[in-house]
Amino acid sequence: MVRMVSSLSRRAMLAAAAAPLALQAKSLKVFGAQLYTLRSIINQKPLEVLKSLEALGFTEVEVIRGNMSQIWDSLKQTNLKPVSLHMDTSYFFKDIDKLNPALDDAKAKGIEYIVCPYIAPADRGGVDVIKKLADTLNSTGERVKAAGMKLCYHNHAFEFEPVPNSKERLLDVLMTRADKNLVGLELDIMWSQVGGVSPVEVIKKYKGRIPLMHLKNVVKLAPQYNERVAKEAFQTVNGGVIDIPAVLKAATASGVKHFFVEQDQTPGNPLDSLKQSAAYLKSLRF
């Protein structure tokens with residue numbers, strides 16, 4: 001009898017200790033999708049695809065300006081909220097006279113964030129090039145802010161290349177030079193991993209400066225500073241080597257506001273891959 005009471009008491013103590021941890025567990029209640037993932041199918045049947053996306057549990061989307069006019073009327077027929085817009089990179093560097101009209105259009109559509117999505121390999125370089133990029137982003141950020149929105153920069157892998165004779169990486173140079181009041185970071189956790197840097201490390205280092213995040217995963221790769229990875233390397237959020245619970249725990253503690261699932265390459269219908277990622281995120285506690 002004494003042993004039985006002792007055993008029951010021990011279990012009660014363990015349950016009591018576990019209860020606060022259960023109460024502390026979080027879930028990602030709101031998440032979106034980057035519509036680039038659906039580029040192979042969305043233009044043909046935009047309403048059908050967007051309704052399917054909504055049915056999977058997505059509530060927000062990140063739009064691409066290149067096909068925004070083709071999908072916008074359909075998007076308005078759903079409850080999906082267009083939070084951010086990947087703008088043509090040329091608007092920041094070459095066709096800057098087109099930027100203000102594009103910003104006015106985005107603002108009228110309810111967009112909150114404008115994103116500089118990609119720097120072509122020919123336009124990349126070392127520290128001096130990255131500093132010029134930051135200066136351009138600062139200038140653009142002023143125009144975006146004047147239009148009533150916020151500017152973010154989306155990383156790939158090249159920004160994680162180490163700076164010679166330094167402990168810094170190119171991303172550090174960019175973030176130091178960029179005005180935190182004008183330029184935020186949309187952290188793509190997969191490309192951070194490809195570049196050999198833990199996404200959690202980046203999140204903690206730039207706490208408060210990462211309002212947007214791309215959620216996706218990747219197979220184990222040696223660090224590289226370009227996007228030349230096999231199609232099969234791209235994984236659903238619940239696949240690959242990135243510790244997603246750790247990422248979400250750090251991100252929610254560091255002020256990330258919007259999470260977009262993206263998978264650049266999928267083995268079949270991209271909706272099937274997004275379904276897997278959505279199911280995982282809905283069930284996840286971190």
# chains A, B, ... in the order shown; residues from 1 in each chain; ligands from 1

call {"tool": "select_by_dssp", "arguments": {"residues": "segment 45-278 of chain A", "states": "strand (DSSP E)", "output": "JSON, numbers by chain"}}
result
{"A": [60, 61, 62, 63, 64, 81, 82, 83, 84, 85, 86, 113, 114, 115, 116, 150, 151, 152, 153, 154, 183, 184, 185, 186, 187, 188, 212, 213, 214, 215, 217, 218, 234, 235, 258, 259, 260, 261]}

call {"tool": "write_last_selection", "arguments": {"atoms": "N, CA and C atoms", "output": "CSV table (one decimal), in the first residue's frame"}}
result
chain,number,residue,atom,x,y,z
A,60,GLU,N,-3.2,34.2,-44.8
A,60,GLU,CA,-2.5,35.3,-45.4
A,60,GLU,C,-1.7,34.9,-46.7
A,61,VAL,N,-1.4,35.8,-47.5
A,61,VAL,CA,-0.6,35.5,-48.7
A,61,VAL,C,0.4,36.6,-48.9
A,62,GLU,N,1.5,36.2,-49.6
A,62,GLU,CA,2.5,37.2,-50.1
A,62,GLU,C,2.4,37.1,-51.6
A,63,VAL,N,2.2,38.3,-52.2
A,63,VAL,CA,1.9,38.4,-53.6
A,63,VAL,C,3.1,38.8,-54.4
A,64,ILE,N,3.1,38.4,-55.7
A,64,ILE,CA,4.2,38.7,-56.6
A,64,ILE,C,3.6,39.8,-57.6
A,81,LYS,N,-5.7,37.3,-46.7
A,81,LYS,CA,-5.2,38.7,-46.6
A,81,LYS,C,-3.9,38.9,-47.3
A,82,PRO,N,-3.8,39.8,-48.2
A,82,PRO,CA,-2.5,40.1,-48.9
A,82,PRO,C,-1.7,41.0,-48.0
A,83,VAL,N,-0.7,40.5,-47.4
A,83,VAL,CA,0.1,41.2,-46.4
A,83,VAL,C,1.3,41.9,-47.0
A,84,SER,N,2.0,41.2,-47.9
A,84,SER,CA,3.2,41.8,-48.5
A,84,SER,C,3.3,41.5,-50.0
A,85,LEU,N,4.2,42.3,-50.6
A,85,LEU,CA,4.3,42.2,-52.1
A,85,LEU,C,5.8,42.2,-52.5
A,86,HIS,N,6.1,41.1,-53.2
A,86,HIS,CA,7.5,41.1,-53.8
A,86,HIS,C,7.5,41.9,-55.1
A,113,TYR,N,3.6,45.5,-46.5
A,113,TYR,CA,5.1,45.4,-46.7
A,113,TYR,C,5.4,45.3,-48.2
A,114,ILE,N,6.4,46.0,-48.6
A,114,ILE,CA,7.1,45.9,-49.9
A,114,ILE,C,8.4,45.2,-49.7
A,115,VAL,N,8.6,44.2,-50.5
A,115,VAL,CA,9.8,43.4,-50.4
A,115,VAL,C,10.7,43.5,-51.6
A,116,CYS,N,12.0,43.7,-51.4
A,116,CYS,CA,13.0,43.6,-52.4
A,116,CYS,C,13.4,42.1,-52.4
A,150,LYS,N,6.0,49.5,-45.3
A,150,LYS,CA,7.4,49.2,-44.8
A,150,LYS,C,8.1,48.4,-45.8
A,151,LEU,N,9.4,48.6,-45.9
A,151,LEU,CA,10.3,47.9,-46.8
A,151,LEU,C,11.0,46.8,-46.1
A,152,CYS,N,11.1,45.6,-46.8
A,152,CYS,CA,11.9,44.5,-46.3
A,152,CYS,C,12.8,44.0,-47.4
A,153,TYR,N,13.9,43.4,-47.0
A,153,TYR,CA,14.8,42.8,-47.9
A,153,TYR,C,14.8,41.3,-47.7
A,154,HIS,N,14.6,40.5,-48.8
A,154,HIS,CA,14.6,39.1,-48.7
A,154,HIS,C,15.9,38.5,-49.0
A,183,VAL,N,14.4,49.8,-43.2
A,183,VAL,CA,14.6,48.6,-43.9
A,183,VAL,C,14.5,47.4,-42.9
A,184,GLY,N,13.6,46.5,-43.1
A,184,GLY,CA,13.6,45.3,-42.3
A,184,GLY,C,14.1,44.1,-43.1
A,185,LEU,N,14.1,42.9,-42.5
A,185,LEU,CA,14.6,41.7,-43.1
A,185,LEU,C,13.4,40.7,-43.2
A,186,GLU,N,13.2,40.2,-44.4
A,186,GLU,CA,12.4,39.0,-44.5
A,186,GLU,C,13.3,37.8,-44.6
A,187,LEU,N,13.4,37.1,-43.4
A,187,LEU,CA,14.3,36.0,-43.3
A,187,LEU,C,13.8,34.8,-44.0
A,188,ASP,N,14.5,34.3,-45.0
A,188,ASP,CA,14.3,33.0,-45.6
A,188,ASP,C,15.1,32.0,-44.8
A,212,LEU,N,9.0,39.7,-41.2
A,212,LEU,CA,8.5,38.7,-42.1
A,212,LEU,C,9.5,37.5,-42.2
A,213,MET,N,8.9,36.3,-42.4
A,213,MET,CA,9.7,35.1,-42.5
A,213,MET,C,9.2,34.1,-43.5
A,214,HIS,N,10.1,33.5,-44.2
A,214,HIS,CA,9.7,32.4,-45.1
A,214,HIS,C,10.0,31.1,-44.4
A,215,LEU,N,9.0,30.3,-44.3
A,215,LEU,CA,9.2,29.0,-43.7
A,215,LEU,C,9.3,27.9,-44.7
A,217,ASN,N,12.0,24.1,-45.7
A,217,ASN,CA,13.1,23.3,-45.2
A,217,ASN,C,14.0,22.8,-46.3
A,218,VAL,N,15.1,22.1,-45.9
A,218,VAL,CA,16.1,21.7,-46.9
A,218,VAL,C,16.8,20.5,-46.4
A,234,PHE,N,14.8,21.1,-51.9
A,234,PHE,CA,13.7,21.8,-51.3
A,234,PHE,C,12.7,20.9,-50.6
A,235,GLN,N,12.3,21.2,-49.3
A,235,GLN,CA,11.5,20.3,-48.6
A,235,GLN,C,10.3,21.1,-48.0
A,258,HIS,N,4.8,38.0,-39.4
A,258,HIS,CA,4.1,37.2,-40.5
A,258,HIS,C,5.0,36.1,-41.0
A,259,PHE,N,4.4,34.9,-41.1
A,259,PHE,CA,5.1,33.7,-41.6
A,259,PHE,C,4.5,33.2,-42.9
A,260,PHE,N,5.3,33.1,-43.9
A,260,PHE,CA,4.8,32.6,-45.2
A,260,PHE,C,5.5,31.3,-45.5
A,261,VAL,N,4.7,30.3,-45.8
A,261,VAL,CA,5.3,29.0,-46.3
A,261,VAL,C,5.6,29.2,-47.7

call {"tool": "residues_around", "arguments": {"residues": "Ala147 of chain A", "least_positions_apart": "4", "cutoff": "12 Å", "atoms": "only C-alpha atoms", "output": "VMD selection string"}}
result
chain A and resid 99 to 108 110 to 114 140 to 143 151

call {"tool": "residues_around", "arguments": {"residues": "Lys231 of chain A", "least_positions_apart": "3", "cutoff": "9 Å", "atoms": "only C-alpha atoms", "output": "ChimeraX atom specification"}}
result
/A:234,264-267

call {"tool": "atom_distance", "arguments": {"atom1": "atom CA of Ser277 of chain A", "atom2": "atom CA of Val237 of chain A"}}
result
5.1 Å

call {"tool": "select_by_dssp", "arguments": {"residues": "segment 52-214 of chain A", "states": "helix (DSSP H, G or I)", "output": "number ranges by chain"}}
result
A: 52-55, 65-75, 90-93, 96-108, 121-123, 127-146, 158-160, 170-177, 189-194, 199-205

call {"tool": "atom_distance", "arguments": {"atom1": "atom CA of Leu281 of chain A", "atom2": "atom CA of Ile189 of chain A"}}
result
15.4 Å

call {"tool": "closest_atom_pairs", "arguments": {"of": "segment 63-102 of chain A", "to": "segment 117-123 of chain A", "cutoff": "9 Å", "atoms": "only C-alpha atoms", "output": "tab-separated table"}}
result
residue	atom	partner	partner_atom	distance
A:His86	CA	A:Pro117	CA	5.8
A:Met87	CA	A:Pro117	CA	6.9
A:Asp88	CA	A:Pro117	CA	7.7
A:Thr89	CA	A:Tyr118	CA	6.6

call {"tool": "write_last_selection", "arguments": {"atoms": "C-alpha atoms", "output": "JSON list (two decimals), in the first residue's frame"}}
result
[["chain", "number", "residue", "atom", "x", "y", "z"],
["A", 86, "HIS", "CA", 7.47, 41.07, -53.81],
["A", 87, "MET", "CA", 8.20, 44.01, -56.09],
["A", 88, "ASP", "CA", 10.22, 43.81, -59.31],
["A", 89, "THR", "CA", 13.86, 44.33, -58.35]]

call {"tool": "residues_around", "arguments": {"residues": "Gly57 of chain A", "least_positions_apart": "4", "cutoff": "12 Å", "atoms": "only C-alpha atoms", "output": "tab-separated table (two decimals) with N, CA and C atoms, in the first residue's frame"}}
result
chain	number	residue	atom	x	y	z
A	28	LEU	N	1.25	28.18	-33.88
A	28	LEU	CA	1.24	29.25	-34.88
A	28	LEU	C	-0.18	29.34	-35.42
A	29	LYS	N	-0.94	30.27	-34.87
A	29	LYS	CA	-2.36	30.35	-35.19
A	29	LYS	C	-2.62	30.96	-36.57
A	30	VAL	N	-1.73	31.82	-37.02
A	30	VAL	CA	-1.90	32.49	-38.31
A	30	VAL	C	-0.64	32.29	-39.14
A	31	PHE	N	-0.81	31.78	-40.34
A	31	PHE	CA	0.33	31.67	-41.26
A	31	PHE	C	-0.17	31.81	-42.69
A	32	GLY	N	0.74	32.23	-43.55
A	32	GLY	CA	0.37	32.48	-44.94
A	32	GLY	C	1.20	31.66	-45.91
A	33	ALA	N	1.00	31.96	-47.18
A	33	ALA	CA	1.74	31.27	-48.25
A	33	ALA	C	2.32	32.30	-49.20
A	50	LEU	N	-6.70	29.55	-55.16
A	50	LEU	CA	-6.72	30.34	-53.93
A	50	LEU	C	-7.76	29.81	-52.94
A	51	LYS	N	-8.88	29.33	-53.44
A	51	LYS	CA	-9.88	28.71	-52.56
A	51	LYS	C	-9.30	27.44	-51.93
A	52	SER	N	-8.55	26.69	-52.71
A	52	SER	CA	-7.91	25.48	-52.17
A	52	SER	C	-6.90	25.85	-51.09
A	53	LEU	N	-6.16	26.91	-51.32
A	53	LEU	CA	-5.18	27.39	-50.34
A	53	LEU	C	-5.88	27.77	-49.04
A	61	VAL	N	-1.40	35.84	-47.51
A	61	VAL	CA	-0.59	35.53	-48.68
A	61	VAL	C	0.43	36.63	-48.91
A	79	ASN	N	-11.03	35.04	-48.32
A	79	ASN	CA	-10.71	35.74	-47.07
A	79	ASN	C	-9.21	35.82	-46.83
A	80	LEU	N	-8.43	35.44	-47.82
A	80	LEU	CA	-6.98	35.51	-47.70
A	80	LEU	C	-6.54	36.98	-47.67
A	261	VAL	N	4.72	30.25	-45.80
A	261	VAL	CA	5.28	28.99	-46.27
A	261	VAL	C	5.64	29.16	-47.74
A	271	LEU	N	0.23	22.42	-54.42
A	271	LEU	CA	-0.78	22.41	-53.37
A	271	LEU	C	-0.62	21.22	-52.44
A	274	LEU	N	2.10	22.20	-50.03
A	274	LEU	CA	1.59	23.19	-49.08
A	274	LEU	C	0.63	22.55	-48.08
A	275	LYS	N	-0.10	21.55	-48.53
A	275	LYS	CA	-1.00	20.83	-47.62
A	275	LYS	C	-0.22	20.16	-46.50
A	276	GLN	N	0.92	19.53	-46.85
A	276	GLN	CA	1.74	18.89	-45.84
A	276	GLN	C	2.28	19.91	-44.84
A	277	SER	N	2.77	21.03	-45.36
A	277	SER	CA	3.33	22.06	-44.48
A	277	SER	C	2.25	22.65	-43.58
A	278	ALA	N	1.07	22.90	-44.13
A	278	ALA	CA	-0.01	23.48	-43.33
A	278	ALA	C	-0.46	22.54	-42.23
A	279	ALA	N	-0.60	21.26	-42.56
A	279	ALA	CA	-1.03	20.27	-41.56
A	279	ALA	C	-0.02	20.21	-40.42
A	280	TYR	N	1.25	20.27	-40.76
A	280	TYR	CA	2.30	20.24	-39.74
A	280	TYR	C	2.23	21.47	-38.84
A	281	LEU	N	2.10	22.64	-39.45
A	281	LEU	CA	2.07	23.88	-38.66
A	281	LEU	C	0.84	23.93	-37.76
A	282	LYS	N	-0.29	23.41	-38.23
A	282	LYS	CA	-1.51	23.42	-37.42
A	282	LYS	C	-1.39	22.50	-36.20
A	283	SER	N	-0.61	21.46	-36.35
A	283	SER	CA	-0.48	20.49	-35.25
A	283	SER	C	0.69	20.79	-34.31

call {"tool": "closest_residue", "arguments": {"among": "A:Leu56, A:Ala178, A:Ala157, A:Ala146", "to": "Arg124 of chain A", "atoms": "only C-alpha atoms"}}
result
A:Ala157

call {"tool": "closest_residue", "arguments": {"among": "A:Val144, A:Met190, A:Val200, A:Leu137", "to": "Leu174 of chain A", "atoms": "only C-alpha atoms"}}
result
A:Leu137

call {"tool": "closest_residue", "arguments": {"among": "A:Ile71, A:Val163, A:Leu170, A:Met149", "to": "Ile130 of chain A", "atoms": "only C-alpha atoms"}}
result
A:Leu170

call {"tool": "atom_distance", "arguments": {"atom1": "atom CA of Pro270 of chain A", "atom2": "atom CA of Leu38 of chain A"}}
result
5.9 Å

call {"tool": "decode", "arguments": {"residues": "segment 149-222 of chain A", "atoms": "C-alpha atoms", "output": "PDB file, in the first residue's frame"}}
result
ATOM      1  CA  MET A 149       4.168  50.960 -45.933  1.00  0.00           C
ATOM      2  CA  LYS A 150       7.355  49.231 -44.765  1.00  0.00           C
ATOM      3  CA  LEU A 151      10.274  47.903 -46.808  1.00  0.00           C
ATOM      4  CA  CYS A 152      11.917  44.518 -46.256  1.00  0.00           C
ATOM      5  CA  TYR A 153      14.841  42.774 -47.910  1.00  0.00           C
ATOM      6  CA  HIS A 154      14.569  39.065 -48.685  1.00  0.00           C
ATOM      7  CA  ASN A 155      17.791  37.079 -48.367  1.00  0.00           C
ATOM      8  CA  HIS A 156      19.150  34.150 -50.299  1.00  0.00           C
ATOM      9  CA  ALA A 157      22.397  32.306 -49.563  1.00  0.00           C
ATOM     10  CA  PHE A 158      25.019  34.716 -50.900  1.00  0.00           C
ATOM     11  CA  GLU A 159      24.461  37.172 -48.063  1.00  0.00           C
ATOM     12  CA  PHE A 160      25.923  34.633 -45.637  1.00  0.00           C
ATOM     13  CA  GLU A 161      29.335  34.528 -47.294  1.00  0.00           C
ATOM     14  CA  PRO A 162      32.009  35.387 -44.709  1.00  0.00           C
ATOM     15  CA  VAL A 163      33.769  38.727 -45.011  1.00  0.00           C
ATOM     16  CA  PRO A 164      37.537  38.188 -45.408  1.00  0.00           C
ATOM     17  CA  ASN A 165      39.562  38.885 -42.276  1.00  0.00           C
ATOM     18  CA  SER A 166      36.418  39.409 -40.240  1.00  0.00           C
ATOM     19  CA  LYS A 167      33.936  37.533 -38.091  1.00  0.00           C
ATOM     20  CA  GLU A 168      31.121  39.150 -40.052  1.00  0.00           C
ATOM     21  CA  ARG A 169      29.155  37.921 -43.022  1.00  0.00           C
ATOM     22  CA  LEU A 170      27.791  40.057 -45.840  1.00  0.00           C
ATOM     23  CA  LEU A 171      24.371  40.079 -44.202  1.00  0.00           C
ATOM     24  CA  ASP A 172      25.911  41.719 -41.140  1.00  0.00           C
ATOM     25  CA  VAL A 173      27.370  44.454 -43.326  1.00  0.00           C
ATOM     26  CA  LEU A 174      23.967  44.991 -44.920  1.00  0.00           C
ATOM     27  CA  MET A 175      22.091  45.086 -41.618  1.00  0.00           C
ATOM     28  CA  THR A 176      24.620  47.460 -40.043  1.00  0.00           C
ATOM     29  CA  ARG A 177      24.452  49.888 -42.973  1.00  0.00           C
ATOM     30  CA  ALA A 178      20.685  49.677 -43.444  1.00  0.00           C
ATOM     31  CA  ASP A 179      18.581  52.042 -41.339  1.00  0.00           C
ATOM     32  CA  LYS A 180      16.528  49.894 -38.972  1.00  0.00           C
ATOM     33  CA  ASN A 181      13.724  52.441 -39.186  1.00  0.00           C
ATOM     34  CA  LEU A 182      13.523  52.098 -42.965  1.00  0.00           C
ATOM     35  CA  VAL A 183      14.585  48.553 -43.853  1.00  0.00           C
ATOM     36  CA  GLY A 184      13.557  45.263 -42.281  1.00  0.00           C
ATOM     37  CA  LEU A 185      14.587  41.721 -43.122  1.00  0.00           C
ATOM     38  CA  GLU A 186      12.363  39.025 -44.529  1.00  0.00           C
ATOM     39  CA  LEU A 187      14.350  36.049 -43.314  1.00  0.00           C
ATOM     40  CA  ASP A 188      14.263  33.014 -45.561  1.00  0.00           C
ATOM     41  CA  ILE A 189      15.300  30.304 -43.131  1.00  0.00           C
ATOM     42  CA  MET A 190      16.172  27.769 -45.804  1.00  0.00           C
ATOM     43  CA  TRP A 191      18.721  29.998 -47.515  1.00  0.00           C
ATOM     44  CA  SER A 192      20.206  30.888 -44.158  1.00  0.00           C
ATOM     45  CA  GLN A 193      20.704  27.163 -43.544  1.00  0.00           C
ATOM     46  CA  VAL A 194      22.195  26.717 -47.032  1.00  0.00           C
ATOM     47  CA  GLY A 195      24.603  29.556 -46.241  1.00  0.00           C
ATOM     48  CA  GLY A 196      25.803  27.684 -43.172  1.00  0.00           C
ATOM     49  CA  VAL A 197      24.156  29.863 -40.527  1.00  0.00           C
ATOM     50  CA  SER A 198      21.470  28.650 -38.137  1.00  0.00           C
ATOM     51  CA  PRO A 199      18.237  30.604 -38.693  1.00  0.00           C
ATOM     52  CA  VAL A 200      17.806  30.795 -34.910  1.00  0.00           C
ATOM     53  CA  GLU A 201      21.149  32.575 -34.677  1.00  0.00           C
ATOM     54  CA  VAL A 202      20.033  35.162 -37.242  1.00  0.00           C
ATOM     55  CA  ILE A 203      16.672  35.657 -35.526  1.00  0.00           C
ATOM     56  CA  LYS A 204      18.265  36.287 -32.150  1.00  0.00           C
ATOM     57  CA  LYS A 205      20.965  38.531 -33.567  1.00  0.00           C
ATOM     58  CA  TYR A 206      18.475  40.773 -35.352  1.00  0.00           C
ATOM     59  CA  LYS A 207      15.663  40.719 -32.836  1.00  0.00           C
ATOM     60  CA  GLY A 208      13.040  43.281 -33.697  1.00  0.00           C
ATOM     61  CA  ARG A 209      14.280  43.731 -37.261  1.00  0.00           C
ATOM     62  CA  ILE A 210      12.647  40.690 -38.897  1.00  0.00           C
ATOM     63  CA  PRO A 211       8.919  41.315 -39.373  1.00  0.00           C
ATOM     64  CA  LEU A 212       8.508  38.709 -42.136  1.00  0.00           C
ATOM     65  CA  MET A 213       9.727  35.127 -42.464  1.00  0.00           C
ATOM     66  CA  HIS A 214       9.736  32.417 -45.131  1.00  0.00           C
ATOM     67  CA  LEU A 215       9.155  28.972 -43.670  1.00  0.00           C
ATOM     68  CA  LYS A 216      10.534  26.022 -45.612  1.00  0.00           C
ATOM     69  CA  ASN A 217      13.085  23.294 -45.155  1.00  0.00           C
ATOM     70  CA  VAL A 218      16.057  21.738 -46.896  1.00  0.00           C
ATOM     71  CA  VAL A 219      18.096  18.552 -46.932  1.00  0.00           C
ATOM     72  CA  LYS A 220      21.550  18.535 -45.392  1.00  0.00           C
ATOM     73  CA  LEU A 221      24.025  20.403 -47.609  1.00  0.00           C
ATOM     74  CA  ALA A 222      27.544  21.684 -47.254  1.00  0.00           C
TER      75      ALA A 222
END
